[in-house]
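What's in work-v6.csv: CSV, C-alpha atoms
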```csv
chain,number,residue,atom,x,y,z
A,1,MET,CA,-67.7,-8.8,126.2
A,2,ILE,CA,-67.9,-7.3,122.7
A,3,GLU,CA,-69.9,-9.5,120.4
A,4,PRO,CA,-68.1,-10.4,117.1
A,5,ASP,CA,-70.5,-8.2,115.0
A,6,ALA,CA,-69.9,-5.2,117.3
A,7,VAL,CA,-66.2,-5.0,116.6
A,8,SER,CA,-66.9,-2.3,113.9
A,9,GLU,CA,-68.8,-0.1,116.4
A,10,PRO,CA,-67.8,3.5,115.9
A,11,GLY,CA,-65.2,4.7,118.3
A,12,LEU,CA,-64.2,1.3,119.6
A,13,ARG,CA,-61.0,1.0,117.6
A,14,ALA,CA,-60.0,4.6,118.1
A,15,ASP,CA,-60.6,4.4,121.9
A,16,LEU,CA,-58.7,1.1,122.2
A,17,LEU,CA,-55.8,2.4,120.2
A,18,ASP,CA,-55.6,5.5,122.3
A,19,THR,CA,-55.7,3.4,125.5
A,20,TRP,CA,-53.0,1.0,124.2
A,21,VAL,CA,-50.7,3.9,123.1
A,22,ALA,CA,-51.2,5.7,126.5
A,23,ALA,CA,-50.6,2.5,128.5
A,24,THR,CA,-47.4,1.8,126.5
A,25,ASP,CA,-46.2,5.4,126.9
A,26,ALA,CA,-46.9,5.2,130.7
A,27,GLY,CA,-44.6,2.1,130.9
A,28,GLY,CA,-47.3,-0.6,130.8
A,29,SER,CA,-46.3,-4.1,129.9
A,30,VAL,CA,-48.6,-4.4,126.9
A,31,GLY,CA,-46.4,-5.7,124.1
A,32,PHE,CA,-44.4,-2.6,123.3
A,33,THR,CA,-42.0,-0.1,124.9
A,34,ALA,CA,-42.3,3.7,125.1
A,35,PRO,CA,-42.5,5.7,123.0
A,36,ALA,CA,-45.4,3.6,121.5
A,37,PRO,CA,-44.9,2.7,117.9
A,38,VAL,CA,-48.4,3.8,116.9
A,39,ASP,CA,-48.4,2.1,113.5
A,40,LEU,CA,-47.3,-1.3,115.0
A,41,VAL,CA,-49.8,-1.0,117.9
A,42,ALA,CA,-52.6,-0.3,115.4
A,43,GLU,CA,-51.6,-3.3,113.3
A,44,THR,CA,-51.6,-5.5,116.3
A,45,LEU,CA,-55.0,-4.1,117.5
A,46,ASP,CA,-56.4,-4.7,114.0
A,47,ARG,CA,-55.3,-8.3,114.0
A,48,ALA,CA,-56.8,-8.8,117.4
A,49,LEU,CA,-60.1,-7.3,116.4
A,50,GLU,CA,-60.2,-9.5,113.2
A,51,ARG,CA,-59.9,-12.6,115.4
A,52,VAL,CA,-62.7,-11.3,117.6
A,53,ALA,CA,-64.9,-10.5,114.6
A,54,ALA,CA,-64.2,-14.1,113.3
A,55,GLY,CA,-65.3,-15.5,116.7
A,56,GLN,CA,-61.9,-17.0,117.5
A,57,ASP,CA,-61.2,-14.8,120.6
A,58,LEU,CA,-63.2,-12.8,123.0
A,59,LEU,CA,-62.7,-9.1,123.8
A,60,GLY,CA,-63.6,-7.7,127.2
A,61,VAL,CA,-63.8,-3.9,127.4
A,62,LEU,CA,-64.4,-1.2,130.0
A,63,HIS,CA,-66.6,1.7,129.1
A,64,ASN,CA,-66.9,4.7,131.4
A,65,GLY,CA,-70.1,6.1,129.8
A,66,ASP,CA,-68.2,8.3,127.4
A,67,ARG,CA,-65.5,6.1,125.9
A,68,TYR,CA,-63.7,2.7,126.1
A,69,VAL,CA,-61.0,2.9,128.7
A,70,GLY,CA,-59.8,-0.7,129.0
A,71,MET,CA,-59.5,-4.0,127.2
A,72,GLY,CA,-58.4,-7.6,127.6
A,73,LEU,CA,-58.6,-10.6,125.4
A,74,LEU,CA,-59.4,-14.2,126.0
A,75,VAL,CA,-57.3,-15.9,123.2
A,76,ALA,CA,-58.3,-19.4,122.1
A,77,ASN,CA,-55.7,-22.1,121.9
A,78,SER,CA,-55.2,-24.2,118.9
A,79,GLY,CA,-55.9,-27.9,119.3
A,80,GLN,CA,-58.4,-30.0,121.1
A,81,LEU,CA,-56.1,-30.9,123.9
A,82,SER,CA,-56.0,-27.4,125.3
A,83,SER,CA,-59.6,-26.3,124.6
A,84,HIS,CA,-60.4,-26.2,128.4
A,85,TRP,CA,-58.3,-23.1,129.0
A,86,ARG,CA,-57.5,-19.7,127.3
A,87,THR,CA,-54.8,-17.2,127.4
A,88,VAL,CA,-55.5,-13.7,128.9
A,89,LEU,CA,-53.7,-11.2,126.7
A,90,ARG,CA,-53.3,-7.4,126.3
A,91,VAL,CA,-55.0,-6.5,129.6
A,92,MET,CA,-54.8,-2.7,130.0
A,93,VAL,CA,-56.6,0.3,131.4
A,94,HIS,CA,-56.0,3.8,130.2
A,95,PRO,CA,-53.6,5.5,132.7
A,96,LYS,CA,-56.2,8.3,133.3
A,97,TYR,CA,-58.6,5.7,134.7
A,98,GLN,CA,-56.2,3.5,136.7
A,99,GLY,CA,-56.1,3.2,140.5
A,100,ASN,CA,-59.8,3.0,141.1
A,101,GLY,CA,-60.4,-0.7,140.7
A,102,ALA,CA,-60.9,-0.6,136.9
A,103,GLY,CA,-58.3,-3.4,136.3
A,104,ARG,CA,-59.9,-5.6,138.9
A,105,LEU,CA,-63.3,-5.0,137.3
A,106,LEU,CA,-61.9,-5.9,133.8
A,107,MET,CA,-60.2,-9.0,135.1
A,108,ASN,CA,-63.4,-10.1,136.9
A,109,GLY,CA,-65.4,-9.6,133.7
A,110,LEU,CA,-62.9,-11.8,131.8
A,111,ARG,CA,-63.1,-14.4,134.4
A,112,SER,CA,-66.9,-14.4,134.3
A,113,SER,CA,-66.9,-14.8,130.6
A,114,ALA,CA,-64.4,-17.7,130.8
A,115,GLU,CA,-66.6,-19.4,133.4
A,116,GLN,CA,-69.7,-18.9,131.1
A,117,LEU,CA,-67.7,-20.6,128.3
A,118,GLY,CA,-67.1,-23.6,130.7
A,119,LEU,CA,-63.4,-23.1,130.8
A,120,GLU,CA,-61.3,-24.6,133.6
A,121,GLN,CA,-58.2,-22.4,133.6
A,122,LEU,CA,-56.9,-19.1,132.5
A,123,MET,CA,-53.2,-18.4,131.8
A,124,LEU,CA,-51.4,-15.1,131.4
A,125,THR,CA,-47.8,-13.9,131.3
A,126,ILE,CA,-46.3,-10.8,132.7
A,127,ARG,CA,-43.0,-8.9,132.4
A,128,ASP,CA,-41.0,-9.1,135.6
A,129,GLY,CA,-40.3,-5.8,137.4
A,130,GLY,CA,-43.7,-4.2,137.5
A,131,ASN,CA,-45.1,-5.8,140.6
A,132,LEU,CA,-48.0,-7.3,138.5
A,133,ASP,CA,-47.6,-10.6,140.2
A,134,THR,CA,-49.0,-9.0,143.3
A,135,PHE,CA,-52.0,-7.6,141.4
A,136,TYR,CA,-52.8,-10.9,139.7
A,137,GLY,CA,-52.1,-12.9,142.9
A,138,LYS,CA,-54.9,-11.0,144.6
A,139,LEU,CA,-57.2,-12.2,141.7
A,140,GLY,CA,-56.3,-15.9,142.3
A,141,TYR,CA,-53.4,-16.3,139.9
A,142,ARG,CA,-50.3,-18.2,140.9
A,143,ILE,CA,-46.9,-18.3,139.4
A,144,VAL,CA,-46.2,-21.6,137.6
A,145,GLY,CA,-43.1,-20.7,135.6
A,146,ARG,CA,-40.5,-18.2,134.7
A,147,HIS,CA,-38.6,-17.7,131.5
A,148,PRO,CA,-35.4,-15.8,132.4
A,149,ARG,CA,-34.4,-12.9,130.2
A,150,ALA,CA,-37.3,-13.6,127.7
A,151,VAL,CA,-38.2,-9.9,127.3
A,152,ARG,CA,-35.8,-7.3,126.0
A,153,VAL,CA,-37.1,-3.9,126.7
A,154,ALA,CA,-33.9,-2.2,125.8
A,155,ALA,CA,-30.5,-3.2,124.5
A,156,ASP,CA,-29.2,-3.8,128.0
A,157,ASP,CA,-32.4,-4.4,129.9
A,158,TYR,CA,-33.8,-7.9,129.9
A,159,ARG,CA,-36.7,-9.0,132.0
A,160,ASP,CA,-38.1,-12.4,133.0
A,161,GLU,CA,-41.4,-13.5,131.6
A,162,ILE,CA,-43.5,-15.0,134.4
A,163,MET,CA,-46.4,-17.4,133.7
A,164,LEU,CA,-49.4,-17.3,135.9
A,165,VAL,CA,-52.5,-19.6,136.0
A,166,THR,CA,-55.8,-19.5,137.8
A,167,ASP,CA,-58.3,-22.3,138.2
A,168,LEU,CA,-61.9,-21.6,137.4
A,169,THR,CA,-63.3,-24.8,138.9
A,170,SER,CA,-62.8,-26.0,142.4
```

How does this structure look as structure tokens?
Amino acid sequence: MIEPDAVSEPGLRADLLDTWVAATDAGGSVGFTAPAPVDLVAETLDRALERVAAGQDLLGVLHNGDRYVGMGLLVANSGQLSSHWRTVLRVMVHPKYQGNGAGRLLMNGLRSSAEQLGLEQLMLTIRDGGNLDTFYGKLGYRIVGRHPRAVRVAADDYRDEIMLVTDLTS
């Protein structure tokens, strides 16, 4: 996890922006469609980093020794009634570094951080059609809901949004 005061670390923003643009352009389900609208991705990243710097959310990263190659957020919920769980958001690994367990390593790190916070559940949503439910299923997530046609990736291409949850306590 990146500490709030480390958000301004040199290279972090540039590497994460590069990762996000590359993941989007490779067809990743990370909030945008290809070609990545770099200015909008940068604005969204900056807002996320501001929340991390303020201590509201947690940022998990993957670093390969040379650069940051992956990220995921644990986003806090508003309200006391939902303080026992967080949303996992913007999970991505740069396409050059996918396929060797990096995504699993990132998700395990996010889970470990959530457990250290004393959380009981994590929730995430995925865009249907990418077989991500299989990936997350192997990590203990189960489908708890579906919002038909919630995501419009093109004028004539709608996808379901699928909600998944994992329990952190037995």

| task | May I ask which of the residues A:Ala42, A:Ala14, A:Leu58, A:Ala76 is the closest one to Ser112 in chain A, counting only C-alpha atoms? | result |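 The closest residue to Ser112 in chain A is A:Leu58.
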
| task | Please identify all polymer residues within 9 Å of Asp160 in chain A, counting all atoms listed in the file, omitting same-chain residues fewer than 6 positions from it, and present them as a ChimeraX atom specification. | result | /A:126-129,146-152

| Hey, can you check how far CA of Leu45 in chain A sits from CA of Asp25 in chain A? | 16.0 Å

| Could you tell me, as a list of chain:residue names, which residues have any atom at most 6 Å from (-55.1, 1.0, 127.8), counting all atoms listed in the file? | A:Thr19, A:Trp20, A:Ala23, A:Gly70, A:Met92, A:Val93, A:His94

| task | Determine the nearest neighbour of Lys96 in chain A from the options A:Val75, A:Leu12, A:Val69, A:Leu49, counting only C-alpha atoms. | result |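 Result for the nearest residue to Lys96 in chain A: A:Val69.
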
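Omitting Arg142 in chain A and its sequence neighbours fewer than 6 positions away, and counting all atoms listed in the file, the residues within 7 Å are Leu164, Val165 and Thr166 of chain A.
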
| said: If I take CA of Gln98 in chain A and CA of Glu9 in chain A, how far is one from the other in Å, to one decimal? | reply: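 Atom-to-atom, CA of Gln98 in chain A to CA of Glu9 in chain A, that is 24.2 Å.
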
| request: Write out as an MDAnalysis selection string which residues come within 10 Å of Val153 in chain A when counting all atoms listed in the file, dropping same-chain ones fewer than 2 positions away. | output: chainID A and resid 29 31:34 127 150:151 155:159

| Contacts of Leu62 in chain A within 12 Å, all atoms listed in the file, excl. fewer than 4 positions in-chain, as a PyMOL selection string | chain A and resi 1-2+12+15-16+19+66-73+91-94+97-98+101-110

| For Gly27 in chain A, which of A:Gly130, A:Glu161, A:Asp167, A:Ile143 is the closest residue, counting only C-alpha atoms? |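 Nearest to Gly27 in chain A: A:Gly130.
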
| request: Measure the distance from CA of Gly79 in chain A to CA of Ser8 in chain A in Å and round it to one decimal. | output: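 It comes out at 28.4 Å.
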
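Nearest residue to Asp46 in chain A, choosing from A:Gly99, A:Ala22, A:Val30, A:Arg13 and counting only C-alpha atoms: A:Arg13.
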
| message | Considering all atoms listed in the file, can you say which of A:Ala154, A:Val38, A:Leu132, A:Ala114 comes closest to Thr169 in chain A? | response |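 Nearest to Thr169 in chain A: A:Ala114.
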
Using the atoms already present, construct N, CA and C atoms for range 15-29 of chain A and hand them back as a PDB file, keeping the file's coordinate frame.
```pdb
ATOM      1  N   ASP A  15     -60.732   4.364 120.448  1.00  0.00           N
ATOM      2  CA  ASP A  15     -60.600   4.400 121.900  1.00  0.00           C
ATOM      3  C   ASP A  15     -59.555   3.369 122.375  1.00  0.00           C
ATOM      4  N   LEU A  16     -59.639   2.159 121.816  1.00  0.00           N
ATOM      5  CA  LEU A  16     -58.700   1.100 122.200  1.00  0.00           C
ATOM      6  C   LEU A  16     -57.296   1.420 121.802  1.00  0.00           C
ATOM      7  N   LEU A  17     -57.134   1.985 120.612  1.00  0.00           N
ATOM      8  CA  LEU A  17     -55.800   2.400 120.200  1.00  0.00           C
ATOM      9  C   LEU A  17     -55.229   3.468 121.063  1.00  0.00           C
ATOM     10  N   ASP A  18     -56.043   4.454 121.402  1.00  0.00           N
ATOM     11  CA  ASP A  18     -55.600   5.500 122.300  1.00  0.00           C
ATOM     12  C   ASP A  18     -55.207   4.943 123.664  1.00  0.00           C
ATOM     13  N   THR A  19     -56.014   4.013 124.170  1.00  0.00           N
ATOM     14  CA  THR A  19     -55.700   3.400 125.500  1.00  0.00           C
ATOM     15  C   THR A  19     -54.406   2.620 125.386  1.00  0.00           C
ATOM     16  N   TRP A  20     -54.197   1.849 124.311  1.00  0.00           N
ATOM     17  CA  TRP A  20     -53.000   1.000 124.200  1.00  0.00           C
ATOM     18  C   TRP A  20     -51.750   1.925 124.073  1.00  0.00           C
ATOM     19  N   VAL A  21     -51.821   2.985 123.290  1.00  0.00           N
ATOM     20  CA  VAL A  21     -50.700   3.900 123.100  1.00  0.00           C
ATOM     21  C   VAL A  21     -50.392   4.583 124.490  1.00  0.00           C
ATOM     22  N   ALA A  22     -51.426   5.036 125.167  1.00  0.00           N
ATOM     23  CA  ALA A  22     -51.200   5.700 126.500  1.00  0.00           C
ATOM     24  C   ALA A  22     -50.657   4.747 127.494  1.00  0.00           C
ATOM     25  N   ALA A  23     -51.147   3.506 127.523  1.00  0.00           N
ATOM     26  CA  ALA A  23     -50.600   2.500 128.500  1.00  0.00           C
ATOM     27  C   ALA A  23     -49.169   2.207 128.177  1.00  0.00           C
ATOM     28  N   THR A  24     -48.823   2.071 126.905  1.00  0.00           N
ATOM     29  CA  THR A  24     -47.400   1.800 126.500  1.00  0.00           C
ATOM     30  C   THR A  24     -46.545   2.983 126.939  1.00  0.00           C
ATOM     31  N   ASP A  25     -46.977   4.191 126.612  1.00  0.00           N
ATOM     32  CA  ASP A  25     -46.200   5.400 126.900  1.00  0.00           C
ATOM     33  C   ASP A  25     -46.018   5.582 128.433  1.00  0.00           C
ATOM     34  N   ALA A  26     -46.957   5.058 129.221  1.00  0.00           N
ATOM     35  CA  ALA A  26     -46.900   5.200 130.700  1.00  0.00           C
ATOM     36  C   ALA A  26     -46.022   4.037 131.285  1.00  0.00           C
ATOM     37  N   GLY A  27     -45.453   3.180 130.423  1.00  0.00           N
ATOM     38  CA  GLY A  27     -44.600   2.100 130.900  1.00  0.00           C
ATOM     39  C   GLY A  27     -45.296   0.783 131.105  1.00  0.00           C
ATOM     40  N   GLY A  28     -46.531   0.687 130.630  1.00  0.00           N
ATOM     41  CA  GLY A  28     -47.300  -0.600 130.800  1.00  0.00           C
ATOM     42  C   GLY A  28     -46.667  -1.702 129.995  1.00  0.00           C
ATOM     43  N   SER A  29     -46.864  -2.881 130.516  1.00  0.00           N
ATOM     44  CA  SER A  29     -46.300  -4.100 129.900  1.00  0.00           C
ATOM     45  C   SER A  29     -47.401  -4.688 128.982  1.00  0.00           C
TER      46      SER A  29
END
```
